[in-house]
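File shown: target_1.cif (mmCIF, C-alpha atoms and all ligand atoms).
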data_my_file
loop_
_atom_site.label_atom_id
_atom_site.label_comp_id
_atom_site.auth_asym_id
_atom_site.auth_seq_id
_atom_site.Cartn_x
_atom_site.Cartn_y
_atom_site.Cartn_z
CA VAL A 57 68.65 15.04 42.87
CA GLU A 58 71.49 13.41 40.89
CA GLY A 59 73.54 11.20 43.16
CA HIS A 60 76.79 13.10 42.61
CA LEU A 61 77.84 12.95 46.26
CA SER A 62 77.89 9.20 46.22
CA PRO A 63 80.52 8.33 43.59
CA ARG A 64 80.47 4.62 44.40
CA ARG A 65 76.70 4.48 43.88
CA PRO A 66 75.95 6.65 40.86
CA ASP A 67 72.32 5.52 40.90
CA ALA A 68 71.71 6.97 44.42
CA LEU A 69 69.34 9.89 44.62
CA ARG A 70 70.17 12.84 46.79
CA ALA A 71 67.64 14.93 48.66
CA ALA A 72 69.23 18.23 49.66
CA PHE A 73 67.61 21.46 50.75
CA THR A 74 68.20 24.43 52.95
CA ILE A 75 65.72 25.94 55.37
CA ASP A 76 65.98 29.38 56.87
CA TYR A 77 65.08 29.35 60.53
CA GLY A 78 64.52 32.52 62.48
CA TYR A 79 62.64 33.65 65.55
CA ALA A 80 62.46 36.73 67.71
CA VAL A 81 63.23 36.91 71.42
CA HIS A 82 61.20 39.80 72.83
CA PHE A 83 61.61 41.65 76.12
CA THR A 84 58.61 43.25 77.73
CA GLY A 85 57.41 44.42 81.13
CA ASP A 86 53.90 42.93 80.86
CA ALA A 87 53.12 40.77 77.85
CA LEU A 88 49.47 40.32 78.88
CA ASP A 89 48.74 44.04 78.97
CA PRO A 90 46.15 44.32 76.16
CA GLY A 91 48.05 47.37 74.90
CA ASP A 92 51.14 45.27 74.18
CA PRO A 93 50.67 43.71 70.71
CA THR A 94 53.71 41.39 70.85
CA LEU A 95 51.91 38.16 71.72
CA ALA A 96 49.01 38.74 69.32
CA ASP A 97 51.39 39.67 66.48
CA GLU A 98 53.54 36.59 67.01
CA GLY A 99 50.50 34.35 67.42
CA ALA A 100 48.92 35.56 64.22
CA ARG A 101 52.08 35.31 62.11
CA ALA A 102 51.21 31.85 60.78
CA GLY A 103 47.82 32.99 59.57
CA ALA A 104 45.76 30.96 62.04
CA ALA A 105 44.68 32.50 65.29
CA ARG A 106 44.14 29.50 67.55
CA VAL A 107 46.33 29.41 70.63
CA LEU A 108 46.47 26.54 73.12
CA PRO A 109 47.80 27.82 76.45
CA VAL A 110 49.90 25.59 78.71
CA VAL A 111 50.76 27.01 82.12
CA ASP A 112 53.15 26.01 84.94
CA ALA A 113 51.17 25.35 88.14
CA GLY A 114 53.78 27.24 90.18
CA VAL A 115 53.30 30.30 87.97
CA LEU A 116 49.54 29.96 88.21
CA ALA A 117 49.69 29.80 92.03
CA ALA A 118 51.79 32.98 92.09
CA HIS A 119 49.68 34.71 89.41
CA PRO A 120 46.12 33.40 89.90
CA GLU A 121 44.79 36.19 87.69
CA LEU A 122 46.76 34.87 84.69
CA PRO A 123 44.01 32.84 82.91
CA GLU A 124 41.61 35.77 83.18
CA ARG A 125 44.18 38.23 81.89
CA LEU A 126 45.05 35.87 79.03
CA GLY A 127 41.34 35.61 78.19
CA GLY A 128 40.98 39.40 78.30
CA TYR A 129 44.04 39.78 76.10
CA ALA A 130 42.66 37.34 73.52
CA ASP A 131 39.25 39.10 73.55
CA ARG A 132 40.92 42.39 72.88
CA HIS A 133 42.96 40.94 70.01
CA CYS A 134 40.17 38.88 68.48
CA PRO A 135 40.01 37.80 65.65
CA SER A 136 43.79 37.72 65.25
CA MET A 137 44.06 35.69 68.45
CA GLU A 138 41.61 33.11 69.74
CA LEU A 139 42.15 30.89 72.77
CA ALA A 140 41.53 27.17 72.28
CA GLY A 141 40.08 26.79 75.77
CA PRO A 142 41.46 27.28 79.27
CA PRO A 143 45.13 26.59 80.06
CA VAL A 144 46.44 23.07 80.37
CA VAL A 145 48.11 23.23 83.78
CA LEU A 146 51.28 21.21 84.34
CA PRO A 147 53.12 20.81 87.65
CA GLY A 148 56.27 22.96 87.81
CA GLY A 149 59.80 21.75 88.41
CA GLU A 150 61.93 18.87 87.21
CA LEU A 151 59.51 16.10 88.17
CA VAL A 152 57.14 17.15 85.38
CA LYS A 153 59.78 15.82 82.97
CA ASN A 154 59.82 12.36 84.54
CA ASP A 155 56.25 11.33 83.71
CA PRO A 156 55.31 10.88 80.03
CA ARG A 157 51.65 11.52 80.86
CA HIS A 158 52.42 15.24 81.01
CA VAL A 159 53.47 15.26 77.37
CA GLU A 160 50.31 13.32 76.53
CA MET A 161 48.14 15.84 78.37
CA VAL A 162 49.31 18.58 76.03
CA GLN A 163 49.09 16.39 72.93
CA ALA A 164 45.56 15.29 73.93
CA ALA A 165 44.48 18.90 74.39
CA ALA A 166 45.93 19.74 70.97
CA SER A 167 43.90 16.89 69.50
CA ASP A 168 40.66 17.65 71.39
CA ARG A 169 40.73 21.38 70.83
CA GLY A 170 41.36 21.54 67.11
CA ILE A 171 44.98 22.61 67.11
CA CYS A 172 46.26 22.42 63.53
CA ARG A 173 49.73 22.86 62.10
CA HIS A 174 49.13 26.59 61.78
CA SER A 175 47.89 26.99 65.34
CA THR A 176 50.15 27.87 68.24
CA VAL A 177 50.97 26.24 71.55
CA LEU A 178 51.80 28.99 74.05
CA VAL A 179 53.78 27.68 77.02
CA ILE A 180 54.13 29.90 80.08
CA GLY A 181 56.46 28.47 82.69
CA GLY A 182 59.86 27.53 84.01
CA GLY A 183 62.43 25.60 81.99
CA ALA A 184 60.96 22.23 82.94
CA VAL A 185 57.40 23.02 81.80
CA LEU A 186 58.79 24.70 78.66
CA ASP A 187 60.69 21.49 77.87
CA VAL A 188 57.55 19.34 78.26
CA GLY A 189 55.24 21.72 76.41
CA GLY A 190 57.87 22.26 73.71
CA TYR A 191 58.32 18.54 73.15
CA ALA A 192 54.56 18.00 72.98
CA ALA A 193 54.23 20.87 70.48
CA ALA A 194 57.11 19.52 68.38
CA THR A 195 55.45 16.10 68.12
CA ALA A 196 51.71 16.87 67.87
CA HIS A 197 50.90 16.79 64.14
CA ARG A 198 54.68 16.30 63.74
CA GLY A 199 55.15 19.85 64.95
CA VAL A 200 52.94 22.85 65.66
CA ARG A 201 54.10 26.40 66.28
CA LEU A 202 55.46 27.10 69.76
CA ILE A 203 55.61 30.42 71.55
CA ARG A 204 57.53 30.29 74.81
CA MET A 205 56.93 32.69 77.64
CA PRO A 206 59.67 31.75 80.13
CA THR A 207 59.03 32.63 83.76
CA THR A 208 62.35 31.96 85.52
CA VAL A 209 65.70 33.71 85.32
CA LEU A 210 67.26 30.53 83.95
CA ALA A 211 64.61 30.10 81.27
CA GLN A 212 64.52 33.76 80.18
CA SER A 213 68.28 33.97 79.84
CA ASP A 214 69.16 30.48 78.70
CA SER A 215 66.94 27.42 78.33
CA GLY A 216 63.86 29.20 76.98
CA VAL A 217 65.58 31.13 74.19
CA GLY A 218 67.16 28.14 72.44
CA VAL A 219 66.10 25.41 70.04
CA LYS A 220 65.82 22.33 72.26
CA ASN A 221 63.22 20.56 74.33
CA GLY A 222 63.26 17.25 76.11
CA VAL A 223 61.96 15.00 78.85
CA ASN A 224 63.67 12.48 81.11
CA ALA A 225 63.41 8.79 80.29
CA PHE A 226 65.15 5.51 81.19
CA GLY A 227 66.70 7.25 84.17
CA LYS A 228 68.45 9.75 81.90
CA LYS A 229 67.90 13.47 81.82
CA ASN A 230 66.60 14.87 78.53
CA PHE A 231 66.91 11.45 76.86
CA VAL A 232 63.79 11.98 74.74
CA GLY A 233 63.36 15.27 72.96
CA SER A 234 63.93 17.20 69.78
CA PHE A 235 65.59 20.18 68.24
CA ALA A 236 62.72 22.45 67.27
CA PRO A 237 63.16 26.20 66.99
CA PRO A 238 60.25 28.13 68.51
CA ALA A 239 58.10 30.57 66.55
CA ALA A 240 58.94 33.24 69.13
CA VAL A 241 60.04 33.81 72.71
CA ILE A 242 58.53 36.52 74.91
CA ASN A 243 60.42 37.39 78.09
CA ASP A 244 58.10 39.19 80.51
CA SER A 245 60.01 40.72 83.44
CA ARG A 246 56.81 41.14 85.48
CA LEU A 247 56.45 37.38 85.83
CA LEU A 248 59.84 37.14 87.55
CA THR A 249 58.76 39.19 90.56
CA THR A 250 57.14 36.15 92.19
CA LEU A 251 60.07 33.81 91.67
CA PRO A 252 61.37 32.25 94.90
CA THR A 253 64.76 33.77 95.80
CA LEU A 254 66.48 30.42 95.40
CA ASP A 255 65.35 30.26 91.75
CA TRP A 256 66.12 33.94 91.21
CA LEU A 257 69.73 33.32 92.24
CA ALA A 258 70.14 29.82 90.79
CA GLY A 259 69.37 31.18 87.31
CA THR A 260 72.33 33.56 87.48
CA SER A 261 74.81 30.66 87.28
CA GLU A 262 74.21 30.32 83.52
CA ALA A 263 75.12 34.00 83.15
CA VAL A 264 78.35 33.42 85.10
CA LYS A 265 78.98 30.47 82.80
CA VAL A 266 78.47 32.22 79.48
CA ALA A 267 80.33 35.36 80.65
CA SER A 268 83.26 33.17 81.74
CA LEU A 269 83.30 31.50 78.33
CA LYS A 270 82.66 34.37 75.99
CA ASP A 271 82.45 37.85 77.42
CA ALA A 272 84.89 39.39 79.90
CA ASP A 273 83.00 42.72 79.91
CA PHE A 274 79.79 40.93 80.88
CA PHE A 275 81.70 39.15 83.64
CA ALA A 276 82.89 42.51 85.00
CA GLN A 277 79.30 43.81 84.78
CA LEU A 278 78.12 40.84 86.83
CA GLU A 279 80.79 41.57 89.44
CA GLN A 280 79.58 45.15 89.55
CA ASP A 281 75.94 44.07 89.87
CA GLN A 282 76.47 41.19 92.29
CA THR A 283 75.02 42.91 95.37
CA ALA A 284 72.08 44.34 93.44
CA LEU A 285 71.33 40.90 92.01
CA LEU A 286 71.49 39.35 95.46
CA ASN A 287 69.01 41.99 96.64
CA ARG A 288 66.61 41.25 93.79
CA ASP A 289 67.16 44.48 91.93
CA ARG A 290 65.01 44.29 88.80
CA ALA A 291 67.13 46.59 86.66
CA ALA A 292 70.28 44.57 87.36
CA MET A 293 68.43 41.35 86.55
CA ASP A 294 67.07 42.86 83.37
CA ARG A 295 70.65 43.65 82.28
CA LEU A 296 71.75 40.11 83.09
CA ILE A 297 68.89 38.47 81.20
CA ARG A 298 69.19 40.59 78.09
CA ARG A 299 72.94 40.07 77.78
CA CYS A 300 72.84 36.38 78.60
CA ALA A 301 69.98 35.77 76.16
CA ARG A 302 71.85 37.74 73.47
CA LEU A 303 74.98 35.60 73.90
CA HIS A 304 72.86 32.46 73.60
CA VAL A 305 71.00 33.60 70.54
CA GLU A 306 74.26 34.68 68.88
CA HIS A 307 75.76 31.33 69.66
CA ILE A 308 72.84 29.49 68.07
CA ALA A 309 72.68 31.77 65.05
CA THR A 310 76.39 32.08 64.32
CA GLY A 311 78.11 29.20 66.13
CA GLY A 312 77.78 26.90 63.13
CA ASP A 313 76.13 23.98 64.95
CA PRO A 314 72.64 24.98 66.11
CA PHE A 315 71.42 21.38 66.24
CA GLU A 316 74.53 20.11 68.00
CA ALA A 317 75.69 17.59 65.44
CA GLY A 318 79.34 17.88 66.49
CA PRO A 319 80.93 16.25 69.54
CA ALA A 320 81.44 19.57 71.35
CA ARG A 321 79.11 21.59 73.51
CA PRO A 322 80.88 24.94 73.60
CA LEU A 323 78.42 26.36 76.15
CA ASP A 324 78.54 23.43 78.54
CA PHE A 325 81.25 24.66 80.89
CA GLY A 326 80.50 23.19 84.32
CA HIS A 327 77.78 20.93 82.95
CA TRP A 328 79.26 17.42 83.04
CA ALA A 329 79.42 17.69 86.85
CA GLY A 330 76.26 19.81 87.01
CA HIS A 331 74.12 17.19 85.28
CA LYS A 332 75.56 14.39 87.41
CA LEU A 333 75.02 16.33 90.66
CA GLU A 334 71.40 16.99 89.72
CA GLN A 335 70.88 13.30 89.03
CA LEU A 336 72.68 12.12 92.19
CA SER A 337 70.53 14.47 94.27
CA GLY A 338 67.35 12.97 92.82
CA PHE A 339 66.76 16.44 91.30
CA ARG A 340 66.60 18.10 94.72
CA LEU A 341 69.36 20.38 93.44
CA ARG A 342 68.12 22.86 90.86
CA HIS A 343 69.85 22.92 87.48
CA GLY A 344 71.27 26.36 88.27
CA GLU A 345 72.56 25.33 91.71
CA ALA A 346 74.21 22.24 90.26
CA VAL A 347 75.75 24.22 87.40
CA ALA A 348 77.24 26.68 89.91
CA LEU A 349 78.99 23.80 91.66
CA GLY A 350 80.06 22.38 88.30
CA LEU A 351 81.57 25.75 87.36
CA ALA A 352 83.49 25.88 90.63
CA VAL A 353 84.80 22.34 90.06
CA ASP A 354 85.84 22.95 86.44
CA ALA A 355 87.41 26.35 87.11
CA THR A 356 89.45 24.83 89.93
CA TYR A 357 90.48 21.94 87.67
CA ALA A 358 91.48 24.34 84.90
CA HIS A 359 93.64 26.21 87.39
CA HIS A 360 95.25 23.09 88.84
CA THR A 361 96.18 21.81 85.39
CA GLY A 362 97.89 25.08 84.51
CA LEU A 363 95.24 26.29 82.09
CA LEU A 364 93.65 29.09 84.10
CA PRO A 365 95.59 31.76 86.05
CA GLY A 366 94.90 31.81 89.81
CA ASP A 367 93.42 35.31 89.76
CA ASP A 368 90.83 34.35 87.14
CA CYS A 369 89.92 31.20 89.03
CA ARG A 370 89.43 33.22 92.20
CA ARG A 371 87.19 35.69 90.34
CA VAL A 372 84.88 32.89 89.20
CA LEU A 373 84.66 31.39 92.69
CA ALA A 374 84.17 34.81 94.29
CA LEU A 375 81.37 35.76 91.90
CA LEU A 376 79.51 32.51 92.52
CA ASP A 377 79.96 33.09 96.23
CA ALA A 378 78.70 36.69 96.02
CA LEU A 379 75.60 35.52 94.14
CA GLY A 380 74.74 33.17 96.98
CA LEU A 381 75.52 30.08 94.88
CA ARG A 382 77.68 28.34 97.44
CA THR A 383 75.61 25.25 98.09
CA THR A 384 77.23 22.53 100.13
CA THR A 385 75.87 19.22 99.09
CA PRO A 386 76.77 15.64 100.01
CA GLU A 387 76.61 14.63 96.31
CA LEU A 388 79.83 16.57 95.70
CA THR A 389 81.89 13.87 97.42
CA ASP A 390 79.91 10.93 96.01
CA PRO A 391 82.46 8.72 94.17
CA ARG A 392 79.91 8.28 91.36
CA LEU A 393 80.28 11.97 90.46
CA LEU A 394 83.28 11.21 88.21
CA ASP A 395 81.11 8.80 86.19
CA GLY A 396 79.48 11.98 84.93
CA LEU A 397 82.47 12.45 82.59
CA GLU A 398 81.78 9.22 80.69
CA GLU A 399 78.04 9.83 80.69
CA PHE A 400 78.62 13.27 79.23
CA ARG A 401 80.77 11.77 76.46
CA GLU A 402 78.16 9.14 75.75
CA HIS A 403 75.36 11.69 75.48
CA LEU A 404 77.23 13.68 72.84
CA GLY A 405 78.95 10.74 71.13
CA GLY A 406 82.51 10.68 69.81
CA GLU A 407 85.57 11.85 71.67
CA LEU A 408 85.31 13.26 75.20
CA THR A 409 85.08 17.04 74.88
CA ILE A 410 84.91 19.16 78.00
CA THR A 411 84.71 22.93 77.75
CA LEU A 412 86.91 24.76 80.28
CA ILE A 413 88.23 28.31 80.40
CA LYS A 414 91.79 29.60 80.10
CA GLY A 415 90.90 33.13 81.15
CA ILE A 416 87.79 35.17 81.84
CA GLY A 417 85.84 35.23 78.57
CA GLN A 418 88.00 32.53 76.97
CA GLY A 419 86.47 29.09 76.57
CA VAL A 420 88.70 26.19 75.53
CA GLU A 421 88.03 22.54 74.75
CA VAL A 422 89.98 19.68 76.29
CA HIS A 423 89.76 16.01 75.42
CA GLU A 424 91.42 14.46 78.43
CA ILE A 425 90.60 14.81 82.08
CA ASP A 426 92.99 13.60 84.78
CA ARG A 427 90.62 11.89 87.18
CA ASP A 428 93.01 12.11 90.17
CA VAL A 429 93.46 15.84 89.75
CA MET A 430 89.70 16.23 89.22
CA SER A 431 89.04 14.25 92.36
CA ARG A 432 91.35 16.51 94.38
CA CYS A 433 89.67 19.62 92.94
CA ILE A 434 86.27 18.30 93.94
CA THR A 435 87.50 17.74 97.48
CA ALA A 436 88.92 21.27 97.52
CA ILE A 437 85.60 22.73 96.34
CA ASP A 438 83.72 20.72 98.93
CA GLU A 439 85.95 22.11 101.69
CA TRP A 440 85.66 25.60 100.27
CA THR A 441 81.86 25.51 100.19
CA ARG A 442 81.68 24.08 103.71
CA ARG A 443 84.02 26.80 104.96
CA SER A 444 81.99 29.53 103.21
CA ALA A 445 78.75 28.14 104.57
CA ARG A 446 80.16 28.40 108.10
CA ASP A 447 81.38 31.99 107.62
N1 LIG A 501 65.80 22.98 76.64
C1 LIG A 501 66.97 23.47 76.97
O1 LIG A 501 67.75 23.87 76.13
C2 LIG A 501 67.36 23.56 78.42
C3 LIG A 501 68.56 24.19 78.78
C4 LIG A 501 68.87 24.32 80.13
C5 LIG A 501 68.01 23.82 81.08
N2 LIG A 501 66.85 23.20 80.71
C6 LIG A 501 65.93 22.64 81.69
O2 LIG A 501 65.30 23.64 82.43
C7 LIG A 501 64.86 23.06 83.67
C8 LIG A 501 65.08 24.01 84.83
O3 LIG A 501 64.26 25.13 84.62
P1 LIG A 501 64.13 26.33 85.65
O4 LIG A 501 65.41 26.59 86.32
O5 LIG A 501 63.50 27.40 84.87
O6 LIG A 501 63.22 25.79 86.81
P2 LIG A 501 61.88 24.93 86.86
O7 LIG A 501 61.18 24.93 85.56
O8 LIG A 501 62.27 23.63 87.43
O9 LIG A 501 60.98 25.77 87.90
C9 LIG A 501 61.36 25.91 89.24
C10 LIG A 501 60.16 26.19 90.12
O10 LIG A 501 59.75 27.55 89.97
C11 LIG A 501 58.34 27.63 89.76
N3 LIG A 501 58.14 28.87 89.00
C12 LIG A 501 58.48 29.10 87.72
N4 LIG A 501 58.26 30.37 87.40
C13 LIG A 501 57.76 30.98 88.50
C14 LIG A 501 57.33 32.32 88.79
N5 LIG A 501 57.45 33.30 87.89
N6 LIG A 501 56.84 32.58 90.02
C15 LIG A 501 56.77 31.59 90.96
N7 LIG A 501 57.17 30.32 90.76
C16 LIG A 501 57.67 30.02 89.53
C17 LIG A 501 58.00 26.34 89.07
O11 LIG A 501 56.64 26.00 89.28
C18 LIG A 501 58.93 25.37 89.78
O12 LIG A 501 58.38 24.93 90.97
C19 LIG A 501 65.61 21.76 83.81
O13 LIG A 501 64.74 20.68 83.55
C20 LIG A 501 66.65 21.81 82.70
O14 LIG A 501 66.99 20.54 82.20
C21 LIG A 501 66.52 23.08 79.39
ZN ZN A 502 72.50 24.69 81.82
#
Starting from the file, lay out its structure as structure tokens.
Amino acid sequence: VEGHLSPRRPDALRAAFTIDYGYAVHFTGDALDPGDPTLADEGARAGAARVLPVVDAGVLAAHPELPERLGGYADRHCPSMELAGPPVVLPGGELVKNDPRHVEMVQAAASDRGICRHSTVLVIGGGAVLDVGGYAAATAHRGVRLIRMPTTVLAQSDSGVGVKNGVNAFGKKNFVGSFAPPAAVINDSRLLTTLPTLDWLAGTSEAVKVASLKDADFFAQLEQDQTALLNRDRAAMDRLIRRCARLHVEHIATGGDPFEAGPARPLDFGHWAGHKLEQLSGFRLRHGEAVALGLAVDATYAHHTGLLPGDDCRRVLALLDALGLRTTTPELTDPRLLDGLEEFREHLGGELTITLIKGIGQGVEVHEIDRDVMSRCITAIDEWTRRSARD
């Protein structure tokens, strides 16, 4: 603890330590089958068996048998797993993140039902409910164990496998939240079968994003699978989710900045516009739909500024189109959309850093955006989506 890193203040103490984080992301076809030990094993890892379930109301409506199956599962795995009462049910979708009472509901249940720092909060739901439940778990007792069971394509391949949570506050998306790695993630493909088609497809935009940034082979695989994905082929979706989740986990584990201390967001291709479109639409647009539009805008911009060859730009637009992600939306031509650039910079702090691509699988960071060119690209995308929608 000698203050050797503070030469001007030799009397300063220094607290320095290293913590090893690590968690598994599992893939299963039915996590609540009593014969599948994954959930019980992960729940029991901390030594205490108590599990507080938190469930997305949309998931519960589509799987009304879920609480009973969860109860049966816990009975079978008793004493290594014990449910701390029936599920706390939270409304699904973005609006759950706008009302702080939802976080309090989970914290209150943790308090009332004897959840200690070795117990587990198990959240089963879409990205929005996972964000609320995750934030509540990270703050109750200053942090209890969290197991996520994501139930959307987006959450299984992207938002649910990472280290963040957050809720909306002061009119800003994800303004309040924390970096808190989960104890484990369990992706259950059976839960996806009831997903509305719009959500099924919207979630694929993050795969297009990460393939465009990091993995040309994955991009080609998506092109090959595009029709199967559109037709809700489970095997094709399984391939997408596993590969997308792997790229995310690798990025977190080896990218050097898991808690995003730097000014860059190397995975946020298409997201400055995506976030702003979501906000301008009053969250009518899903995150995945908005990201798809953001990808189209940024790919077009990268092409028009000489960064991205025309063929590669066309491949990105064509893949989004083939996956049914060609939403026309009035927010695209809202003049406030460009304010999203400054808001994005503000959120991260420091210099403006926008991640674009210079080829399929090749992300690149730029620090200046020509607003006139961007404006023209947005108009071009708007016309393109309108034209496609008419076809
Ligand atoms: N924490 C992160 O790192 C991170 C990263 C990206 C996105 N996100 C957040 O994720 C959220 C979007 O999540 P999402 O796309 O998963 O959608 P969502 O959570 O908004 O859910 C969409 C709808 O689908 C319903 N639903 C969920 N699973 C279902 C199922 N299996 N069957 C039937 N209905 C089901 C929900 O009830 C909801 O109505 C956004 O709030 C976004 O900010 C978080
Ligand atoms: Zn995203």
### Task
Could I get the residue neighbourhood of ligand LIG 501 (chain A) at 6 Å, counting all atoms listed in the file, as a PyMOL selection string?
chain A and resi 112-115+118+148-150+181-185+187+207-208+210-211+215+218+220-221+247-248+250-251+343
### Task
Name the residues, by chain letter and number, that sit within 12 Å of ligand ZN 502 (chain A) using all atoms listed in the file, and give them as an NGL selection string.
:A and (183-184 or 209-211 or 213-216 or 218 or 220 or 230 or 258-266 or 304 or 321-331 or 334 or 342-351)
### Separation of CA of Ser337 in chain A from CA of Asp354 in chain A, in Å and rounded to one decimal
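Between CA of Ser337 in chain A and CA of Asp354 in chain A the gap is 19.2 Å.
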### Summary
Students should find that CA of Arg125 in chain A and CA of Pro238 in chain A are spaced 23.2 Å
#### Entry: Residues within 7 Å of range 292-295 of chain A, only C-alpha atoms, excluding chain neighbours under 6 positions, as number ranges by chain
A: 281, 284-285
Only C-alpha atoms, please: the residues just picked out, written as a PDB file, keeping the file's coordinate frame.
ATOM      1  CA  ASP A 281      75.940  44.070  89.870  1.00  0.00           C
ATOM      2  CA  ALA A 284      72.080  44.340  93.440  1.00  0.00           C
ATOM      3  CA  LEU A 285      71.330  40.900  92.010  1.00  0.00           C
TER       4      LEU A 285
END
### Query
Of the residues A:Val241, A:Leu254, A:Leu397, A:Ala192, which is the one nearest to Gly380 in chain A, using only C-alpha atoms?
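Comparing A:Val241, A:Leu254, A:Leu397, A:Ala192 against Gly380 in chain A, the winner is A:Leu254.
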Contacts of range 393-396 of chain A at 8 Å or less, counting only C-alpha atoms, minus same-chain residues fewer than 5 places along, as a PDB file with C-alpha atoms, in the coordinates of the input?
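Full text of result_11.pdb as output:
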ATOM      1  CA  TRP A 328      79.260  17.420  83.040  1.00  0.00           C
ATOM      2  CA  ALA A 329      79.420  17.690  86.850  1.00  0.00           C
ATOM      3  CA  HIS A 331      74.120  17.190  85.280  1.00  0.00           C
ATOM      4  CA  LYS A 332      75.560  14.390  87.410  1.00  0.00           C
ATOM      5  CA  LEU A 333      75.020  16.330  90.660  1.00  0.00           C
ATOM      6  CA  LEU A 336      72.680  12.120  92.190  1.00  0.00           C
ATOM      7  CA  GLU A 387      76.610  14.630  96.310  1.00  0.00           C
ATOM      8  CA  LEU A 388      79.830  16.570  95.700  1.00  0.00           C
ATOM      9  CA  ARG A 427      90.620  11.890  87.180  1.00  0.00           C
ATOM     10  CA  SER A 431      89.040  14.250  92.360  1.00  0.00           C
TER      11      SER A 431
END
### Task
Go through A:Pro206, A:Gly127, A:Gly189, A:Pro135 one by one, measure the shortest atom-to-atom distance of each to His82 in chain A using all atoms listed in the file, and give the residue with the smallest value.
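Ranked by minimum distance to His82 in chain A, first place goes to A:Pro206.
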### Query
From the set A:Gly419, A:Gly78, A:Pro386, A:Gly405, which residue has the shortest atom-to-atom contact distance to Ala240 in chain A, counting only C-alpha atoms?
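Closest to Ala240 in chain A, using only C-alpha atoms: A:Gly78.
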### Task
Measuring atom to atom with all atoms listed in the file, identify which of A:Asn243, A:Thr441, A:Thr283, A:Ser167 is nearest to Leu88 in chain A.
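Smallest distance to Leu88 in chain A is found for A:Asn243.
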#### Entry: Between CA of Tyr357 in chain A and CA of Arg371 in chain A - distance in Å to one decimal
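Calculated distance between CA of Arg371 in chain A and CA of Tyr357 in chain A is 14.4 Å.
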Can you complete the atoms of range 163-174 of chain A to N, CA and C atoms and list them as a PDB file, in the coordinates of the input?
ATOM      1  N   GLN A 163      49.440  16.921  74.255  1.00  0.00           N
ATOM      2  CA  GLN A 163      49.090  16.390  72.930  1.00  0.00           C
ATOM      3  C   GLN A 163      47.583  16.123  72.841  1.00  0.00           C
ATOM      4  N   ALA A 164      47.006  15.581  73.933  1.00  0.00           N
ATOM      5  CA  ALA A 164      45.560  15.290  73.930  1.00  0.00           C
ATOM      6  C   ALA A 164      44.765  16.580  73.799  1.00  0.00           C
ATOM      7  N   ALA A 165      45.189  17.621  74.509  1.00  0.00           N
ATOM      8  CA  ALA A 165      44.480  18.900  74.390  1.00  0.00           C
ATOM      9  C   ALA A 165      44.589  19.444  72.976  1.00  0.00           C
ATOM     10  N   ALA A 166      45.762  19.273  72.359  1.00  0.00           N
ATOM     11  CA  ALA A 166      45.930  19.740  70.970  1.00  0.00           C
ATOM     12  C   ALA A 166      44.958  18.984  70.064  1.00  0.00           C
ATOM     13  N   SER A 167      44.807  17.695  70.321  1.00  0.00           N
ATOM     14  CA  SER A 167      43.900  16.890  69.500  1.00  0.00           C
ATOM     15  C   SER A 167      42.439  17.271  69.751  1.00  0.00           C
ATOM     16  N   ASP A 168      42.055  17.364  71.039  1.00  0.00           N
ATOM     17  CA  ASP A 168      40.660  17.650  71.390  1.00  0.00           C
ATOM     18  C   ASP A 168      40.215  19.050  70.987  1.00  0.00           C
ATOM     19  N   ARG A 169      41.153  19.985  70.994  1.00  0.00           N
ATOM     20  CA  ARG A 169      40.730  21.380  70.830  1.00  0.00           C
ATOM     21  C   ARG A 169      41.052  21.953  69.448  1.00  0.00           C
ATOM     22  N   GLY A 170      41.235  21.076  68.498  1.00  0.00           N
ATOM     23  CA  GLY A 170      41.360  21.540  67.110  1.00  0.00           C
ATOM     24  C   GLY A 170      42.605  22.359  66.831  1.00  0.00           C
ATOM     25  N   ILE A 171      43.723  21.918  67.418  1.00  0.00           N
ATOM     26  CA  ILE A 171      44.980  22.610  67.110  1.00  0.00           C
ATOM     27  C   ILE A 171      45.541  22.033  65.808  1.00  0.00           C
ATOM     28  N   CYS A 172      45.740  22.894  64.811  1.00  0.00           N
ATOM     29  CA  CYS A 172      46.260  22.420  63.530  1.00  0.00           C
ATOM     30  C   CYS A 172      47.713  22.863  63.387  1.00  0.00           C
ATOM     31  N   ARG A 173      48.314  22.538  62.253  1.00  0.00           N
ATOM     32  CA  ARG A 173      49.730  22.860  62.100  1.00  0.00           C
ATOM     33  C   ARG A 173      50.002  24.360  61.966  1.00  0.00           C
ATOM     34  N   HIS A 174      48.927  25.131  61.829  1.00  0.00           N
ATOM     35  CA  HIS A 174      49.130  26.590  61.780  1.00  0.00           C
ATOM     36  C   HIS A 174      48.713  27.252  63.084  1.00  0.00           C
TER      37      HIS A 174
END
